[in-house]
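Report on the following structure.
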2 protein chains.
Amino acid sequence: MTAPDGSASPADQRLAVEQAMAHVSALISQGHQVVLTHGNGPQVGNLLLKNQLAAEVVPPVPLDWCGAQTQATIGVLILNALGHPAAVVVTRTLVDLADPAFAAPVKPIGRYFTEAEARRFEQLGQTWRAFPGKGFRRVVASPAPLEILDAPAALALMDAGYTVVVAGGGGVPVARQADGSLRGVEAVIDKDAAAAVLAAAVRASVLIVATDVPAAVEGYGTGRARPIGRTTVAELRALQAAGHFASGSMGPKVEAALRFAEGGGRAVITSLEHIGDALAGATGTVVGW
Amino acid sequence: MTAPDGSASPADQRLAVEQAMAHVSALISQGHQVVLTHGNGPQVGNLLLKNQLAAEVVPPVPLDWCGAQTQATIGVLILNALGHPAAVVVTRTLVDLADPAFAAPVKPIGRYFTEAEARRFEQLGQTWRAFPGKGFRRVVASPAPLEILDAPAALALMDAGYTVVVAGGGGVPVARQADGSLRGVEAVIDKDAAAAVLAAAVRASVLIVATDVPAAVEGYGTGRARPIGRTTVAELRALQAAGHFASGSMGPKVEAALRFAEGGGRAVITSLEHIGDALAGATGTVVGW
């Protein structure tokens with residue numbers, strides 16, 4: 001059951017989570033301590049659209065609230081599906097108000113609208129950009145994640161034996177204000193970048209970036225496409241610099257893997273079906289020890 | 001800043017949370033271990049309305065998802081405002097599919113609509129009821145909370161020194177299915193009833209029901225109104241049986257206080273400004289040891 005635009009129904013989302021958690025549950029059953037994080041792009045897109053369609057009747061909530069909302073809805077689906085003691089920690093991620101991303105928002109979110117609609121939303125203070133042949137789409141700031149503020153709570157739960165779900169959607173962006181207080185800010189945080197920061201904060205030994213392909217690919221879309229297996233930080237950085245990874249898809253995953261490997265960990269990029277093998281080093285793109 | 005119907009803007013909600021947390025923060029600073037829970041009625045009403053206004057474009061999410069969403073948005077506001085180590089636990093509350101509430105939904109939620117609108121929503125499987133002079137309002141099941149499923153995670157965090165926010169909005173209702181799995185169900189859980197179950201689960205010594213009046217009142221709205229101070233379970237049950245407490249407001253609070261006192265605890269019903277005094281027994285309606 002999908003909406004006219006193809007977005008997944010709640011029942012579809014539940015099934016997708018159940019399928020994903022079967023793989024995660026197997027890892028836990030093998031004795032691995034698992035920290036989970038997840039994206040939320042389609043869900044935030046839906047929430048923004050509802051905000052906009054209802055704006056004249058219900059006060060729209062800021063973008064950071066939409067991100068928070070998805071931590072709980074996806075979190076409950078995960079808890080119900082996992083079958084192991086688990087907890088979802090509502091998670092804030094610290095960003096810097098001086099991050100250049102705030103002055104130049106570039107991250108597209110939500111659906112395409114007509115120019116007339118985009119102009120109307122711009123009057124609410126939003127930034128919209130034309131995507132030739134596709135329409136207009138809102139762009140927002142995607143500042144760098146500096147710290148997973150609620151990671152210490154996750155660590156306490158891990159110590160107590162819980163599988164934890166943390167920093168869903170990259171975490172709810174908050175920034176320290178001039179008066180020292182913390183406040184949510186209208187931004188999105190790249191989920192892969194947040195995962196690398198989270199993995200370091202919870203002292204993970206391996207960061208698995210689960211996606212829909214079995215490995216990162218060199219020369220993707222060319223006649224010389226080649227899946228990347230065991231590699232080194234230097235080699236992967238060189239491929240990245242040569243433009244092998246698309247900015248909206250594999251790029252952030254490779255960058256997260258590199259960051260984590262550079263910090264002394266091992267990172268694996270592979271498909272969800274292979275995360276069990278990934279820990280044995282038998283599949284996927286592997287970088288680090 | 002409020003919407004045409006008076007619902008609070010996100011900025012208003014943040015300010016209200018900041019004011020409330022100043023009182024809670026003072027309690028924590030005095031050395032009390034605090035477990036927080038909260039309601040979510042207006043927020044769920046807004047989310048339902050957005051669902052309905054956008055239903056032809058975005059797949060509506062079920063009622064239990066709306067409740068989940070509010071745990072995270074209100075939770076982040078609390079975390080930012082509290083100024084003490086704190087964590088928000090996304091919380092499910094177990095209910096029974098055989099609860100008679102499912103066969104006869106009576107809890108009104110969301111806003112009033114016209115009869116024509118209500119009839120249209122009924123075709124989506126919802127139950128709507130006429131409220132003479134006011135219009136039509138959706139009614140949903142409000143089953144009894146049997147168990148706060150994620151209370152053990154809250155206890156682990158408490159042991160680690162965290163103030164925890166648990167079971168917001170009464171918790172996300174989930175029920176065990178015929179195959180043994182847990183699944184969210186379209187219902188709302190009374191926040192006061194859930195608070196009594198939560199207080200027992202986290203072994204609280206005192207349950208404070210913070211509201212907007214300094215005490216429960218005998219003969220409310222009559223010429224013989226009298227605030228109820230120190231009382232006994234027997235006396236409060238007698239006043240309850242005589243109809244002194246309105247079903248939609250003070251009734252559930254008195255029932256929660258009685259349940260907790262009957263289980264061996266002390267319960268206090270008072271206004272947020274008085275929660276500090278409440279622990280000293282110097283204010284509010286007090287029942288139990």
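Residue numbers start at 1 in each chain; chains themselves are named A, B, ... in the order of the structure tokens; ligands are numbered from 1 in the order shown.
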For this session: Pick out the residues sitting within 12 Å of B:Arg259, and hand them over as an MDAnalysis selection string; count only C-alpha atoms, and ignore anything fewer than 3 positions along from it in its own chain.
Result: chainID B and resid 192:200 207 233:234 236:237 252:256 262:267 287:288
Can you spit out the residues from that selection as a compact mmCIF listing (two decimals), in the first residue's frame, using N, CA, C and O atoms?
```txt
# COMPACT_ATOMS: atom_id res chain seq x y z
N ASP B 192 -2.62 9.97 33.53
CA ASP B 192 -2.59 9.83 34.98
C ASP B 192 -2.60 8.36 35.38
O ASP B 192 -1.87 7.95 36.29
N ALA B 193 -3.41 7.56 34.68
CA ALA B 193 -3.43 6.13 34.97
C ALA B 193 -2.05 5.52 34.69
O ALA B 193 -1.54 4.71 35.47
N ALA B 194 -1.42 5.95 33.58
CA ALA B 194 -0.08 5.44 33.26
C ALA B 194 0.93 5.89 34.31
O ALA B 194 1.83 5.14 34.68
N ALA B 195 0.76 7.12 34.80
CA ALA B 195 1.70 7.63 35.81
C ALA B 195 1.67 6.77 37.07
O ALA B 195 2.72 6.52 37.67
N ALA B 196 0.49 6.32 37.45
CA ALA B 196 0.39 5.48 38.65
C ALA B 196 1.10 4.14 38.43
O ALA B 196 1.81 3.64 39.31
N VAL B 197 0.94 3.56 37.23
CA VAL B 197 1.61 2.29 36.92
C VAL B 197 3.12 2.50 36.86
O VAL B 197 3.92 1.70 37.37
N LEU B 198 3.52 3.61 36.25
CA LEU B 198 4.95 3.94 36.13
C LEU B 198 5.57 4.14 37.51
O LEU B 198 6.67 3.64 37.79
N ALA B 199 4.87 4.90 38.36
CA ALA B 199 5.42 5.20 39.69
C ALA B 199 5.69 3.92 40.47
O ALA B 199 6.72 3.80 41.14
N ALA B 200 4.79 2.94 40.32
CA ALA B 200 5.01 1.66 41.00
C ALA B 200 6.20 0.93 40.36
O ALA B 200 7.04 0.37 41.06
N LEU B 207 4.23 9.98 44.41
CA LEU B 207 3.70 10.35 43.09
C LEU B 207 3.13 11.75 43.19
O LEU B 207 2.17 11.97 43.95
N VAL B 233 -7.31 7.20 52.00
CA VAL B 233 -7.84 6.47 50.86
C VAL B 233 -9.36 6.33 51.00
O VAL B 233 -10.10 6.55 50.04
N ALA B 234 -9.81 5.98 52.21
CA ALA B 234 -11.26 5.75 52.41
C ALA B 234 -12.06 7.03 52.15
O ALA B 234 -13.09 7.01 51.46
N LEU B 236 -11.15 9.71 50.38
CA LEU B 236 -11.08 10.15 48.98
C LEU B 236 -11.91 9.25 48.07
O LEU B 236 -12.57 9.72 47.14
N ARG B 237 -11.91 7.95 48.36
CA ARG B 237 -12.78 7.03 47.59
C ARG B 237 -14.25 7.41 47.78
O ARG B 237 -15.03 7.34 46.83
N PRO B 252 -9.43 11.46 36.74
CA PRO B 252 -8.31 10.54 36.52
C PRO B 252 -7.14 10.80 37.47
O PRO B 252 -6.42 9.87 37.83
N LYS B 253 -6.96 12.05 37.89
CA LYS B 253 -5.85 12.36 38.80
C LYS B 253 -6.11 11.76 40.19
O LYS B 253 -5.22 11.18 40.81
N VAL B 254 -7.35 11.91 40.64
CA VAL B 254 -7.71 11.34 41.94
C VAL B 254 -7.60 9.82 41.88
O VAL B 254 -7.07 9.18 42.80
N GLU B 255 -8.06 9.22 40.78
CA GLU B 255 -7.99 7.76 40.65
C GLU B 255 -6.54 7.30 40.68
O GLU B 255 -6.19 6.30 41.33
N ALA B 256 -5.65 8.03 39.97
CA ALA B 256 -4.23 7.65 39.95
C ALA B 256 -3.63 7.77 41.34
O ALA B 256 -2.88 6.90 41.80
N GLU B 262 -3.03 3.11 47.43
CA GLU B 262 -3.48 1.76 47.80
C GLU B 262 -2.35 0.75 47.66
O GLU B 262 -2.32 -0.28 48.33
N GLY B 263 -1.38 1.05 46.78
CA GLY B 263 -0.24 0.16 46.60
C GLY B 263 0.87 0.43 47.61
O GLY B 263 1.94 -0.17 47.52
N GLY B 264 0.63 1.38 48.52
CA GLY B 264 1.63 1.62 49.57
C GLY B 264 2.41 2.91 49.43
O GLY B 264 3.27 3.21 50.25
N GLY B 265 2.12 3.69 48.37
CA GLY B 265 2.86 4.93 48.18
C GLY B 265 2.12 6.13 48.73
O GLY B 265 1.03 6.02 49.29
N ARG B 266 2.74 7.28 48.57
CA ARG B 266 2.08 8.54 48.91
C ARG B 266 1.85 9.32 47.62
O ARG B 266 2.76 9.39 46.77
N ALA B 267 0.68 9.88 47.46
CA ALA B 267 0.39 10.68 46.27
C ALA B 267 -0.03 12.08 46.67
O ALA B 267 -0.70 12.27 47.69
N VAL B 287 -2.52 11.89 49.93
CA VAL B 287 -3.12 10.62 50.34
C VAL B 287 -2.02 9.55 50.40
O VAL B 287 -1.08 9.58 49.62
N GLY B 288 -2.16 8.63 51.34
CA GLY B 288 -1.10 7.63 51.55
C GLY B 288 -0.29 7.99 52.77
O GLY B 288 -0.63 8.94 53.48
```
Problem set entry | DSSP-assigned helix (DSSP H, G or I) among stretch 149-236 of chain A, expressed as a PyMOL selection string | chain A and resi 151-159+168-170+191-201+233-236
Quick one: write out the picked residues with N, CA, C and O atoms as a compact mmCIF listing (two decimals), in the first residue's frame?
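Printed below is result02.txt as written:
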```txt
# COMPACT_ATOMS: atom_id res chain seq x y z
N ALA A 151 24.65 10.48 23.99
CA ALA A 151 25.40 9.23 23.95
C ALA A 151 25.73 8.69 25.34
O ALA A 151 25.72 7.46 25.53
N PRO A 152 26.01 9.54 26.34
CA PRO A 152 26.28 8.98 27.67
C PRO A 152 25.11 8.15 28.22
O PRO A 152 25.32 7.13 28.86
N ALA A 153 23.89 8.59 27.96
CA ALA A 153 22.73 7.80 28.41
C ALA A 153 22.71 6.46 27.68
O ALA A 153 22.40 5.42 28.26
N ALA A 154 23.07 6.48 26.39
CA ALA A 154 23.12 5.24 25.63
C ALA A 154 24.17 4.29 26.22
O ALA A 154 23.93 3.08 26.36
N LEU A 155 25.31 4.85 26.60
CA LEU A 155 26.37 4.02 27.20
C LEU A 155 25.89 3.39 28.51
O LEU A 155 26.19 2.22 28.78
N ALA A 156 25.16 4.16 29.31
CA ALA A 156 24.65 3.61 30.57
C ALA A 156 23.71 2.44 30.30
O ALA A 156 23.75 1.42 30.99
N LEU A 157 22.89 2.56 29.27
CA LEU A 157 21.97 1.47 28.92
C LEU A 157 22.73 0.27 28.36
O LEU A 157 22.37 -0.88 28.62
N MET A 158 23.78 0.53 27.57
CA MET A 158 24.60 -0.57 27.05
C MET A 158 25.23 -1.33 28.21
O MET A 158 25.27 -2.57 28.20
N ASP A 159 25.73 -0.59 29.20
CA ASP A 159 26.34 -1.24 30.36
C ASP A 159 25.33 -2.14 31.08
O ASP A 159 25.70 -3.11 31.72
N GLY A 168 18.72 8.60 15.83
CA GLY A 168 17.93 8.37 14.62
C GLY A 168 17.85 9.65 13.78
O GLY A 168 17.72 10.75 14.32
N GLY A 169 17.96 9.48 12.47
CA GLY A 169 17.91 10.64 11.57
C GLY A 169 19.09 11.58 11.77
O GLY A 169 19.03 12.74 11.36
N GLY A 170 20.16 11.09 12.40
CA GLY A 170 21.33 11.93 12.65
C GLY A 170 21.26 12.66 13.98
O GLY A 170 22.20 13.34 14.37
N LYS A 191 22.90 11.48 8.42
CA LYS A 191 22.83 10.31 9.30
C LYS A 191 24.14 9.53 9.33
O LYS A 191 24.50 8.95 10.35
N ASP A 192 24.85 9.51 8.20
CA ASP A 192 26.11 8.77 8.16
C ASP A 192 27.20 9.51 8.94
O ASP A 192 27.97 8.88 9.67
N ALA A 193 27.24 10.82 8.79
CA ALA A 193 28.21 11.61 9.56
C ALA A 193 27.95 11.45 11.05
O ALA A 193 28.87 11.27 11.86
N ALA A 194 26.66 11.48 11.44
CA ALA A 194 26.32 11.31 12.85
C ALA A 194 26.69 9.91 13.32
O ALA A 194 27.14 9.73 14.46
N ALA A 195 26.52 8.92 12.45
CA ALA A 195 26.84 7.53 12.83
C ALA A 195 28.32 7.40 13.18
O ALA A 195 28.69 6.68 14.11
N ALA A 196 29.17 8.08 12.42
CA ALA A 196 30.62 8.01 12.69
C ALA A 196 30.94 8.64 14.04
O ALA A 196 31.74 8.11 14.82
N VAL A 197 30.29 9.76 14.36
CA VAL A 197 30.51 10.42 15.65
C VAL A 197 29.97 9.54 16.78
O VAL A 197 30.60 9.36 17.83
N LEU A 198 28.79 8.96 16.54
CA LEU A 198 28.18 8.09 17.54
C LEU A 198 29.05 6.86 17.80
O LEU A 198 29.25 6.47 18.95
N ALA A 199 29.54 6.25 16.73
CA ALA A 199 30.33 5.03 16.87
C ALA A 199 31.56 5.29 17.74
O ALA A 199 31.92 4.46 18.58
N ALA A 200 32.18 6.45 17.56
CA ALA A 200 33.33 6.79 18.40
C ALA A 200 32.87 7.02 19.84
O ALA A 200 33.52 6.56 20.79
N ALA A 201 31.74 7.70 20.02
CA ALA A 201 31.27 8.03 21.37
C ALA A 201 30.91 6.79 22.18
O ALA A 201 31.12 6.76 23.39
N VAL A 233 42.64 3.31 4.08
CA VAL A 233 42.21 4.69 4.16
C VAL A 233 42.78 5.49 2.99
O VAL A 233 42.07 6.26 2.33
N ALA A 234 44.05 5.28 2.69
CA ALA A 234 44.70 6.05 1.61
C ALA A 234 44.04 5.77 0.26
O ALA A 234 43.73 6.69 -0.50
N GLU A 235 43.79 4.49 -0.01
CA GLU A 235 43.19 4.13 -1.29
C GLU A 235 41.77 4.69 -1.41
O GLU A 235 41.38 5.25 -2.45
N LEU A 236 40.99 4.55 -0.32
CA LEU A 236 39.60 5.00 -0.37
C LEU A 236 39.53 6.53 -0.46
O LEU A 236 38.68 7.08 -1.18
```
Exercise. Where does DSSP see strand (DSSP E) in stretch 99-238 of chain A, if you list the residues as a PyMOL selection string?
Worked result: chain A and resi 107-113+127-131+135-140+147-148+163-166+172-176+182-184+206-211+217-218+226-227
Exercise. Between atom CA of A:Thr285 and atom CA of A:Ile148, what is the spacing in Å?
Worked result: 25.7 Å
Exercise. So which residues touch stretch 6-17 of chain A within 12 Å, counting only C-alpha atoms, skipping near sequence neighbours fewer than 2 positions away, as a VMD selection string?
Worked result: (chain A and resid 1 to 4 19 to 25 38 to 47 49 70 73 to 82 110 to 111 272) or (chain B and resid 55 57 to 66 182 to 184)
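Note that the spacing between atom CA of B:Thr163 and atom CA of B:Ala86 amounts to 4.5 Å.
Proximity ranking of B:Leu149, B:Val217, B:Ala187, B:Ala116 relative to chain A places B:Leu149 first, based on only C-alpha atoms.
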Exercise. Given the choices B:Ala160, B:Gln30, B:Ile109, B:Thr114, which gets closest to chain A if the distance is worked out from only C-alpha atoms?
Worked result: B:Ala160
